[in-house]
2 protein chains.
Amino acid sequence: MNGAQALLRTLAGCGVTVSFANPGTSEMHFVAALDAVPDVHGVLCLFEGVATGAADGYGRMAGRPAGVLLHLGPGLANGLANLHNARRARTPLLAVIGDHATYHARYDAPLESDIGALAGAVSGWVRRSARAADVGSDAAEAVAAAMAPPGCVAALILPADVSWSDGAEPALPVAVRAASPVPEQAIGAAAKALRGGEPCVILLGGAALRRAGLAAASRLATGSVRLLSETFPARHERGAGLPHVDRLAYLAEFAAAQLAGARHLILAGARAPVSFFAYPGLPGSLVPDGCSVHVLAEPGDDVAGALTALADLVAADAKPTPQQAGRPAMPDGDLTAETAAMVIGALLPEDAIVSDEANTSGLWLAGATAGAPPHDWLTLTGGAIGQGLPLAAGAAIACPGRRVLALEADGSAMYTISALWTYAREQLDITTVIFSNRRYAILGMELDRVGAVSTGQAARRLLDLSEPDIDFTALAAGMGVPASRATTAAGLAAGLRQAFAEPGPHLIEASVPQPF
Amino acid sequence: MNGAQALLRTLAGCGVTVSFANPGTSEMHFVAALDAVPDVHGVLCLFEGVATGAADGYGRMAGRPAGVLLHLGPGLANGLANLHNARRARTPLLAVIGDHATYHARYDAPLESDIGALAGAVSGWVRRSARAADVGSDAAEAVAAAMAPPGCVAALILPADVSWSDGAEPALPVAVRAASPVPEQAIGAAAKALRGGEPCVILLGGAALRRAGLAAASRLATGSVRLLSETFPARHERGAGLPHVDRLAYLAEFAAAQLAGARHLILAGARAPVSFFAYPGLPGSLVPDGCSVHVLAEPGDDVAGALTALADLVAADAKPTPQQAGRPAMPDGDLTAETAAMVIGALLPEDAIVSDEANTSGLWLAGATAGAPPHDWLTLTGGAIGQGLPLAAGAAIACPGRRVLALEADGSAMYTISALWTYAREQLDITTVIFSNRRYAILGMELDRVGAVSTGQAARRLLDLSEPDIDFTALAAGMGVPASRATTAAGLAAGLRQAFAEPGPHLIEASVPQPF
């Protein structure tokens, strides 16, 4: 069999059963092989950033990689921003990047570029298959590398002749390295800090924000020991019955207030907190002065195991504190970011998956949904906007039967708007709410925060999304997604109820004023 | 003044008067400075790939760089594919990439990534400004580097604190290196080949496809000396009154037929021809066996001067042969790629600028427009689709008063569809024709050409743009561009006539069958 067929058979054997794709000529044998290997489902995306973002969403929810098929350096480039987000999320993800035939590179044909340099910027593992006979084992190693805790982007560069040449064989799966056990010293040091009675914050990240980690962490919370989540978790299990954890704020000033007074900061799968951006005169590190930092578990460690061992040591009899069920009262009147959050909190379906790229319009979402039925919350891990819509596609494909809610800022939505077409093609159960405030609202705020002084129209026009107003219902309809517009809280509620009651994708353009 | 202000004042002094932008927090001082330096016009794009493609179109038409403002590594990544095309076009272009404050990099904040690796893949010149006092001279050198013949992408990485710190001053323009004179030996060798009387092809690229180069080359054409253009010229001046030059075909088989029998290949601003992709059993180089290659002029040389000197040497009395004026008869009946080309040829306005990303639907365009009034033709230089709509925006801004016609394949259009919003925002005189055949038609053809055997539905669905059909008139309306659909030749003609008669952007979705 040829290299492409061996690749797909190997992937199927490793549990990689979905490949998001935006193929080109050099990937045609991979595409053709999809008919020979029906265990791998090809999902067409109309732009590579949609494909990579979808693979990120899939990997976050499935816990195993999807493939994403990209066309040489330019195709990889188009998918790179969402691979950056996947890198920050530590998502297991397999990027297969088609390349020119090995012997064609020397001609410097128009699409030739430095694929290795681009792949290296986002990947934890990069390999170029040299011949068809290697493809099977390369693919199996790539999957194992992607899945090795905490997870990473693995990039397999596949020259066209390696793909089309015969003499390839599928390889068996390679054993995936387990999460590293946490040394007793680390647990002992954290225990000592906790027992000292000084104000302490346990910062949870990665696997600590899943059910087992949260349960263990919750046992550790006391009057002097507070739990916080990293600012942008890849996947946070939350809602009624699960222990509640507040997220560290995006704004450095607010985050500093949350951490103020802590004498010990225990990191459980999270990194030491830093300011998202630098601001004149403000520190970059958010660790308070005089606060000791203890690394309980690195992201690739057995984070939940470490938290459990720590709880057994210092709080043997303590039980987790579940979040009480409770939804906001259904609001009335105008639609604002705040009332929209209340409507969403009132209606969020059980087991929903939320892809949150609502940005400034999302400030009230965490509070409004805290007591909703259990759900998963996925956030913008790497700051590269244009993630939310693709991420939802991948989550929906990873979890058929679950409702996906994409909460999306208007500015961010426009980066990867063609994700809607894939929603329609695959008839995904995704409800999209576009928070349309017709501004890059966060930049209006940041303009002030960095101390930039703007006096006129030129700067304002670069932060403004009106002139012309974007009609998201028209965009959705143009890509086969039924859409409506809500201008009142009741209108949003009606739209959500209908969307949640019907199969397939729906979009609601929620007209909201700027939050500040 | 601060670094951002010094940067903008320097750019204005160097003739860089437009900056396409998709800014973020780290670029807020640049944005604020646009009000202090009104000589630089900021143009908002809703996705970085639109901004970089527009800067490419601007640079091709203006002959001097536009700026493009990008937000850290992810913003650069989103703009990278069209920078790849700009690199292949040798367009003078200045990318200003905002970065974290210098002292913030060590915190590895979420948006941190290897900007240098990405910039290096597409740029001929890369520098990171170290302090505010350097920004002016860095910017002046960047502009000179971008403009040095044949032109390149210059990337200036601008840390936020360098941008916001005081102590900066504008710098004077740096002298731009002139095109290198062509050595007499090269002219002599080409002359010898031409005088030998053996079949000869002169392959024209870059500046050779502008008016002066074409006039000189045309004097050299005889029964045994044929002229051809590189396959994907950055800018080709053509139409009635200008010498006609056929383009070397995209398909290697056709290109080989065009070159068959040539004993000498003289390169004037073009590279030796190679196959766009490798195909099993076909050669990568398109130079016929036994054909000698003579480099008359490299792309950075004085190509037109070399052709003129050569013509004066071997054809002193010869005159250029102008293309006769002539338009196709207006067709009737169904709309096909062929009849669409005839309609376009019949109606193309004088001095039009055509951004051609029609791909397979564009096969008949060259013939149908050969005798139309003089116009510029811009093509997809680097093979990274999603260029055409942004390119048109930049060309329109570079050349107010000229009509721009964007001829766009449906699949390619979806990569950077938000360019339409910028058309509406800036009220650009761009008429967009979307060739909607609901397929990645070129891939259907390539699937066969590379010998990939597909037996079923899985592969076909990855090349198919139906299910759901895309309604481009809805997408255009959603972004403020008036749109219509044409299903007959007469309908397309009516749509074009109306669009050319009115100011501002228009879009026509031309429903065409697949060409093969």
# chains A, B, ... in the order shown; residues from 1 in each chain; ligands from 1

$ interface_residues --of "chain B" --to "chain A" --cutoff "6 Å" --atoms "only C-alpha atoms" --output "PyMOL selection string"
chain B and resi 25+28-29+31-32+34-35+44+47+74+77-78+80-81+109-111+114+117+121+276+382-384+415+425+446-447+452+454+456+458-459+462+467-468+470-471+474-475+478-480

$ write_last_selection --atoms "C-alpha atoms" --output "PDB file, in the first residue's frame"
ATOM      1  CA  THR B  25      -3.117  45.831  22.675  1.00  0.00           C
ATOM      2  CA  MET B  28      -2.212  50.760  20.713  1.00  0.00           C
ATOM      3  CA  HIS B  29       0.429  53.476  20.651  1.00  0.00           C
ATOM      4  CA  VAL B  31      -2.923  53.330  16.554  1.00  0.00           C
ATOM      5  CA  ALA B  32      -3.030  56.441  18.748  1.00  0.00           C
ATOM      6  CA  LEU B  34      -2.320  57.853  13.559  1.00  0.00           C
ATOM      7  CA  ASP B  35      -4.148  60.910  14.853  1.00  0.00           C
ATOM      8  CA  LEU B  44      -8.876  48.548   9.156  1.00  0.00           C
ATOM      9  CA  PHE B  47      -8.343  39.622   9.540  1.00  0.00           C
ATOM     10  CA  PRO B  74      -0.380  35.061  16.001  1.00  0.00           C
ATOM     11  CA  ALA B  77       0.805  34.016  11.449  1.00  0.00           C
ATOM     12  CA  ASN B  78      -2.648  34.989  10.175  1.00  0.00           C
ATOM     13  CA  LEU B  80       1.726  34.917   6.638  1.00  0.00           C
ATOM     14  CA  ALA B  81       0.181  33.194   3.616  1.00  0.00           C
ATOM     15  CA  ALA B 109       2.690  35.274  28.479  1.00  0.00           C
ATOM     16  CA  PRO B 110      -0.024  33.573  26.418  1.00  0.00           C
ATOM     17  CA  LEU B 111       0.623  35.463  23.190  1.00  0.00           C
ATOM     18  CA  ASP B 114       8.793  32.950  18.051  1.00  0.00           C
ATOM     19  CA  ALA B 117      11.066  32.393  13.005  1.00  0.00           C
ATOM     20  CA  ALA B 121      10.155  32.658   6.480  1.00  0.00           C
ATOM     21  CA  PHE B 276       4.169  23.971  -9.933  1.00  0.00           C
ATOM     22  CA  GLY B 382       2.874  32.185  -4.488  1.00  0.00           C
ATOM     23  CA  GLY B 383       0.053  29.710  -4.860  1.00  0.00           C
ATOM     24  CA  ALA B 384      -1.401  30.509  -1.434  1.00  0.00           C
ATOM     25  CA  TYR B 415     -10.236  32.246   2.862  1.00  0.00           C
ATOM     26  CA  ARG B 425     -15.692  50.646   4.826  1.00  0.00           C
ATOM     27  CA  GLU B 446      -5.191  17.254  -9.646  1.00  0.00           C
ATOM     28  CA  LEU B 447      -6.606  14.156  -7.987  1.00  0.00           C
ATOM     29  CA  ALA B 452      -4.600   9.182  -6.822  1.00  0.00           C
ATOM     30  CA  SER B 454     -10.501   7.586  -5.331  1.00  0.00           C
ATOM     31  CA  GLY B 456     -16.031   6.819  -3.178  1.00  0.00           C
ATOM     32  CA  ALA B 458     -15.310  10.454   1.268  1.00  0.00           C
ATOM     33  CA  ALA B 459     -12.727  11.956  -1.049  1.00  0.00           C
ATOM     34  CA  LEU B 462     -13.502  17.028   0.526  1.00  0.00           C
ATOM     35  CA  GLU B 467     -24.040  20.835   0.914  1.00  0.00           C
ATOM     36  CA  PRO B 468     -24.614  23.586   1.772  1.00  0.00           C
ATOM     37  CA  ILE B 470     -22.672  29.152  -0.354  1.00  0.00           C
ATOM     38  CA  ASP B 471     -24.756  32.251  -1.101  1.00  0.00           C
ATOM     39  CA  ALA B 474     -25.860  37.055   1.291  1.00  0.00           C
ATOM     40  CA  LEU B 475     -22.263  37.187   2.479  1.00  0.00           C
ATOM     41  CA  GLY B 478     -23.909  41.016   5.381  1.00  0.00           C
ATOM     42  CA  MET B 479     -20.750  43.073   4.964  1.00  0.00           C
ATOM     43  CA  GLY B 480     -22.311  46.069   3.279  1.00  0.00           C
TER      44      GLY B 480
END

$ residues_around --residues "B:Gly3" --least-positions-apart "5" --cutoff "7 Å" --atoms "only C-alpha atoms" --output "ChimeraX atom specification"
/B:132,135,162-166,168

$ residues_around --residues "stretch 430-434 of chain A" --least-positions-apart "3" --cutoff "6 Å" --atoms "only C-alpha atoms" --output "PyMOL selection string"
chain A and resi 404-410+505-510

$ write_last_selection --atoms "C-alpha atoms" --output "PDB file, in the first residue's frame"
ATOM      1  CA  VAL A 404     -22.422  22.997  22.127  1.00  0.00           C
ATOM      2  CA  LEU A 405     -22.822  26.710  22.765  1.00  0.00           C
ATOM      3  CA  ALA A 406     -20.409  29.050  20.997  1.00  0.00           C
ATOM      4  CA  LEU A 407     -20.326  32.450  22.714  1.00  0.00           C
ATOM      5  CA  GLU A 408     -18.530  34.715  20.334  1.00  0.00           C
ATOM      6  CA  ALA A 409     -17.500  38.355  20.131  1.00  0.00           C
ATOM      7  CA  ASP A 410     -18.260  39.981  16.800  1.00  0.00           C
ATOM      8  CA  PRO A 505     -26.692  24.588  13.939  1.00  0.00           C
ATOM      9  CA  HIS A 506     -28.349  27.902  14.778  1.00  0.00           C
ATOM     10  CA  LEU A 507     -26.971  31.398  15.112  1.00  0.00           C
ATOM     11  CA  ILE A 508     -28.344  34.292  17.140  1.00  0.00           C
ATOM     12  CA  GLU A 509     -26.948  37.748  16.660  1.00  0.00           C
ATOM     13  CA  ALA A 510     -27.284  39.355  20.085  1.00  0.00           C
TER      14      ALA A 510
END

$ select_by_dssp --residues "stretch 109-196 of chain A" --states "alpha helix (DSSP H)" --output "PDB file with N, CA and C atoms, in the first residue's frame"
ATOM      1  N   ILE A 115       8.734  25.062   5.948  1.00  0.00           N
ATOM      2  CA  ILE A 115       7.689  24.445   6.773  1.00  0.00           C
ATOM      3  C   ILE A 115       8.216  24.154   8.174  1.00  0.00           C
ATOM      4  N   GLY A 116       9.456  23.707   8.254  1.00  0.00           N
ATOM      5  CA  GLY A 116      10.016  23.351   9.563  1.00  0.00           C
ATOM      6  C   GLY A 116      10.027  24.523  10.520  1.00  0.00           C
ATOM      7  N   ALA A 117      10.363  25.712  10.022  1.00  0.00           N
ATOM      8  CA  ALA A 117      10.406  26.886  10.900  1.00  0.00           C
ATOM      9  C   ALA A 117       9.023  27.190  11.453  1.00  0.00           C
ATOM     10  N   LEU A 118       8.017  27.085  10.601  1.00  0.00           N
ATOM     11  CA  LEU A 118       6.657  27.378  11.053  1.00  0.00           C
ATOM     12  C   LEU A 118       6.170  26.301  12.027  1.00  0.00           C
ATOM     13  N   ALA A 119       6.387  25.047  11.659  1.00  0.00           N
ATOM     14  CA  ALA A 119       5.901  23.961  12.512  1.00  0.00           C
ATOM     15  C   ALA A 119       6.583  24.002  13.878  1.00  0.00           C
ATOM     16  N   GLY A 120       7.857  24.334  13.872  1.00  0.00           N
ATOM     17  CA  GLY A 120       8.605  24.371  15.131  1.00  0.00           C
ATOM     18  C   GLY A 120       8.067  25.388  16.115  1.00  0.00           C
ATOM     19  N   ALA A 132       8.203   6.087   2.173  1.00  0.00           N
ATOM     20  CA  ALA A 132       6.905   5.467   2.446  1.00  0.00           C
ATOM     21  C   ALA A 132       7.015   4.430   3.557  1.00  0.00           C
ATOM     22  N   ALA A 133       8.110   3.691   3.567  1.00  0.00           N
ATOM     23  CA  ALA A 133       8.248   2.631   4.574  1.00  0.00           C
ATOM     24  C   ALA A 133       8.283   3.175   5.995  1.00  0.00           C
ATOM     25  N   ASP A 134       8.575   4.464   6.143  1.00  0.00           N
ATOM     26  CA  ASP A 134       8.659   5.062   7.482  1.00  0.00           C
ATOM     27  C   ASP A 134       7.328   5.638   7.970  1.00  0.00           C
ATOM     28  N   VAL A 135       6.390   5.829   7.071  1.00  0.00           N
ATOM     29  CA  VAL A 135       5.214   6.646   7.414  1.00  0.00           C
ATOM     30  C   VAL A 135       4.425   6.036   8.567  1.00  0.00           C
ATOM     31  N   GLY A 136       4.241   4.711   8.525  1.00  0.00           N
ATOM     32  CA  GLY A 136       3.455   4.077   9.583  1.00  0.00           C
ATOM     33  C   GLY A 136       4.063   4.328  10.955  1.00  0.00           C
ATOM     34  N   SER A 137       5.346   4.039  11.087  1.00  0.00           N
ATOM     35  CA  SER A 137       5.959   4.209  12.410  1.00  0.00           C
ATOM     36  C   SER A 137       6.063   5.689  12.783  1.00  0.00           C
ATOM     37  N   ASP A 138       6.309   6.551  11.813  1.00  0.00           N
ATOM     38  CA  ASP A 138       6.318   7.988  12.109  1.00  0.00           C
ATOM     39  C   ASP A 138       4.956   8.433  12.653  1.00  0.00           C
ATOM     40  N   ALA A 139       3.905   7.951  12.032  1.00  0.00           N
ATOM     41  CA  ALA A 139       2.562   8.357  12.462  1.00  0.00           C
ATOM     42  C   ALA A 139       2.261   7.843  13.865  1.00  0.00           C
ATOM     43  N   ALA A 140       2.630   6.600  14.121  1.00  0.00           N
ATOM     44  CA  ALA A 140       2.365   6.048  15.455  1.00  0.00           C
ATOM     45  C   ALA A 140       3.139   6.814  16.521  1.00  0.00           C
ATOM     46  N   GLU A 141       4.372   7.171  16.206  1.00  0.00           N
ATOM     47  CA  GLU A 141       5.156   7.961  17.174  1.00  0.00           C
ATOM     48  C   GLU A 141       4.577   9.366  17.331  1.00  0.00           C
ATOM     49  N   ALA A 142       4.078   9.918  16.256  1.00  0.00           N
ATOM     50  CA  ALA A 142       3.482  11.258  16.335  1.00  0.00           C
ATOM     51  C   ALA A 142       2.278  11.253  17.269  1.00  0.00           C
ATOM     52  N   VAL A 143       1.448  10.242  17.139  1.00  0.00           N
ATOM     53  CA  VAL A 143       0.257  10.183  18.001  1.00  0.00           C
ATOM     54  C   VAL A 143       0.684  10.040  19.466  1.00  0.00           C
ATOM     55  N   ALA A 144       1.665   9.173  19.714  1.00  0.00           N
ATOM     56  CA  ALA A 144       2.122   8.998  21.096  1.00  0.00           C
ATOM     57  C   ALA A 144       2.731  10.287  21.640  1.00  0.00           C
ATOM     58  N   ALA A 145       3.448  11.000  20.788  1.00  0.00           N
ATOM     59  CA  ALA A 145       4.035  12.274  21.226  1.00  0.00           C
ATOM     60  C   ALA A 145       2.945  13.289  21.535  1.00  0.00           C
ATOM     61  N   ALA A 146       1.923  13.349  20.688  1.00  0.00           N
ATOM     62  CA  ALA A 146       0.835  14.304  20.911  1.00  0.00           C
ATOM     63  C   ALA A 146       0.105  14.011  22.215  1.00  0.00           C
ATOM     64  N   MET A 147      -0.013  12.729  22.558  1.00  0.00           N
ATOM     65  CA  MET A 147      -0.788  12.339  23.736  1.00  0.00           C
ATOM     66  C   MET A 147       0.031  12.293  25.018  1.00  0.00           C
ATOM     67  N   ALA A 160       4.893  14.617  -0.898  1.00  0.00           N
ATOM     68  CA  ALA A 160       3.908  14.000  -1.788  1.00  0.00           C
ATOM     69  C   ALA A 160       4.370  12.631  -2.270  1.00  0.00           C
ATOM     70  N   ASP A 161       5.672  12.477  -2.577  1.00  0.00           N
ATOM     71  CA  ASP A 161       6.110  11.176  -3.094  1.00  0.00           C
ATOM     72  C   ASP A 161       6.147  10.118  -1.994  1.00  0.00           C
ATOM     73  N   VAL A 162       6.368  10.549  -0.757  1.00  0.00           N
ATOM     74  CA  VAL A 162       6.281   9.609   0.368  1.00  0.00           C
ATOM     75  C   VAL A 162       4.840   9.136   0.509  1.00  0.00           C
ATOM     76  N   SER A 163       3.918  10.041   0.234  1.00  0.00           N
ATOM     77  CA  SER A 163       2.499   9.723   0.326  1.00  0.00           C
ATOM     78  C   SER A 163       2.063   8.777  -0.793  1.00  0.00           C
ATOM     79  N   TRP A 164       2.576   8.977  -1.984  1.00  0.00           N
ATOM     80  CA  TRP A 164       2.069   8.183  -3.115  1.00  0.00           C
ATOM     81  C   TRP A 164       2.885   6.926  -3.402  1.00  0.00           C
ATOM     82  N   GLU A 184       7.402  13.000  46.471  1.00  0.00           N
ATOM     83  CA  GLU A 184       6.879  13.255  47.823  1.00  0.00           C
ATOM     84  C   GLU A 184       7.328  14.601  48.375  1.00  0.00           C
ATOM     85  N   GLN A 185       8.544  15.027  47.977  1.00  0.00           N
ATOM     86  CA  GLN A 185       9.017  16.316  48.480  1.00  0.00           C
ATOM     87  C   GLN A 185       8.073  17.453  48.085  1.00  0.00           C
ATOM     88  N   ALA A 186       7.594  17.395  46.830  1.00  0.00           N
ATOM     89  CA  ALA A 186       6.711  18.465  46.373  1.00  0.00           C
ATOM     90  C   ALA A 186       5.421  18.462  47.175  1.00  0.00           C
ATOM     91  N   ILE A 187       4.907  17.272  47.419  1.00  0.00           N
ATOM     92  CA  ILE A 187       3.671  17.180  48.209  1.00  0.00           C
ATOM     93  C   ILE A 187       3.938  17.636  49.645  1.00  0.00           C
ATOM     94  N   GLY A 188       5.086  17.228  50.172  1.00  0.00           N
ATOM     95  CA  GLY A 188       5.439  17.624  51.541  1.00  0.00           C
ATOM     96  C   GLY A 188       5.605  19.132  51.681  1.00  0.00           C
ATOM     97  N   ALA A 189       6.228  19.753  50.689  1.00  0.00           N
ATOM     98  CA  ALA A 189       6.433  21.204  50.766  1.00  0.00           C
ATOM     99  C   ALA A 189       5.100  21.937  50.728  1.00  0.00           C
ATOM    100  N   ALA A 190       4.197  21.465  49.857  1.00  0.00           N
ATOM    101  CA  ALA A 190       2.880  22.095  49.798  1.00  0.00           C
ATOM    102  C   ALA A 190       2.131  21.885  51.110  1.00  0.00           C
ATOM    103  N   ALA A 191       2.250  20.686  51.654  1.00  0.00           N
ATOM    104  CA  ALA A 191       1.566  20.397  52.919  1.00  0.00           C
ATOM    105  C   ALA A 191       2.070  21.316  54.023  1.00  0.00           C
ATOM    106  N   LYS A 192       3.358  21.519  54.049  1.00  0.00           N
ATOM    107  CA  LYS A 192       3.930  22.393  55.076  1.00  0.00           C
ATOM    108  C   LYS A 192       3.376  23.814  54.948  1.00  0.00           C
ATOM    109  N   ALA A 193       3.289  24.290  53.703  1.00  0.00           N
ATOM    110  CA  ALA A 193       2.744  25.631  53.482  1.00  0.00           C
ATOM    111  C   ALA A 193       1.289  25.707  53.954  1.00  0.00           C
ATOM    112  N   LEU A 194       0.535  24.689  53.613  1.00  0.00           N
ATOM    113  CA  LEU A 194      -0.880  24.696  53.997  1.00  0.00           C
ATOM    114  C   LEU A 194      -1.059  24.627  55.501  1.00  0.00           C
ATOM    115  N   ARG A 195      -0.235  23.841  56.167  1.00  0.00           N
ATOM    116  CA  ARG A 195      -0.368  23.655  57.616  1.00  0.00           C
ATOM    117  C   ARG A 195       0.070  24.877  58.395  1.00  0.00           C
TER     118      ARG A 195
END

$ select_by_dssp --residues "stretch 273-465 of chain A" --states "strand (DSSP E or B)" --output "PyMOL selection string"
chain A and resi 274+285+292-297+301+334+353-357+375-379+404-409+430-436+439+464

$ write_last_selection --atoms "C-alpha atoms" --output "mmCIF file, in the first residue's frame"
data_model
loop_
_atom_site.group_PDB
_atom_site.id
_atom_site.type_symbol
_atom_site.label_atom_id
_atom_site.label_comp_id
_atom_site.auth_asym_id
_atom_site.auth_seq_id
_atom_site.Cartn_x
_atom_site.Cartn_y
_atom_site.Cartn_z
ATOM 1 C CA VAL A 274 1.755 36.744 34.728
ATOM 2 C CA SER A 285 4.631 38.856 37.424
ATOM 3 C CA SER A 292 6.414 31.870 48.217
ATOM 4 C CA VAL A 293 5.666 29.817 45.116
ATOM 5 C CA HIS A 294 5.459 26.036 45.438
ATOM 6 C CA VAL A 295 5.169 23.833 42.394
ATOM 7 C CA LEU A 296 2.982 20.953 43.474
ATOM 8 C CA ALA A 297 2.562 19.538 39.986
ATOM 9 C CA ASP A 301 2.500 15.492 36.048
ATOM 10 C CA ASP A 334 -33.063 45.321 27.019
ATOM 11 C CA ILE A 353 -19.994 22.402 26.096
ATOM 12 C CA VAL A 354 -19.335 26.127 26.001
ATOM 13 C CA SER A 355 -16.761 27.580 23.634
ATOM 14 C CA ASP A 356 -16.158 30.994 25.164
ATOM 15 C CA GLU A 357 -14.705 33.732 23.018
ATOM 16 C CA HIS A 375 -21.004 21.542 31.733
ATOM 17 C CA ASP A 376 -17.576 22.043 30.178
ATOM 18 C CA TRP A 377 -16.139 25.497 29.585
ATOM 19 C CA LEU A 378 -13.439 25.982 26.937
ATOM 20 C CA THR A 379 -11.522 29.252 26.758
ATOM 21 C CA VAL A 404 -22.422 22.997 22.127
ATOM 22 C CA LEU A 405 -22.822 26.710 22.765
ATOM 23 C CA ALA A 406 -20.409 29.050 20.997
ATOM 24 C CA LEU A 407 -20.326 32.450 22.714
ATOM 25 C CA GLU A 408 -18.530 34.715 20.334
ATOM 26 C CA ALA A 409 -17.500 38.355 20.131
ATOM 27 C CA ILE A 430 -24.034 24.075 17.823
ATOM 28 C CA THR A 431 -25.844 27.195 18.941
ATOM 29 C CA THR A 432 -23.824 30.306 18.225
ATOM 30 C CA VAL A 433 -24.458 33.585 20.022
ATOM 31 C CA ILE A 434 -22.660 36.515 18.431
ATOM 32 C CA PHE A 435 -22.268 39.364 20.889
ATOM 33 C CA SER A 436 -22.518 42.221 18.460
ATOM 34 C CA ARG A 439 -16.458 47.424 18.450
ATOM 35 C CA ASP A 464 -14.786 50.365 15.335
#

$ residues_around --residues "B:Ala340" --least-positions-apart "3" --cutoff "9 Å" --atoms "only C-alpha atoms" --output "ChimeraX atom specification"
/B:331,335-337,343-345,361,364-365,435,488-489,492-493,510,512

$ atom_distance --atom1 "atom CA of B:Gln324" --atom2 "atom CA of B:Ala372"
8.9 Å

$ residues_around --residues "A:Gly300" --least-positions-apart "5" --cutoff "7 Å" --atoms "only C-alpha atoms" --output "list in words"
Pro149, Pro150, Ala179 and Ser180 of chain A
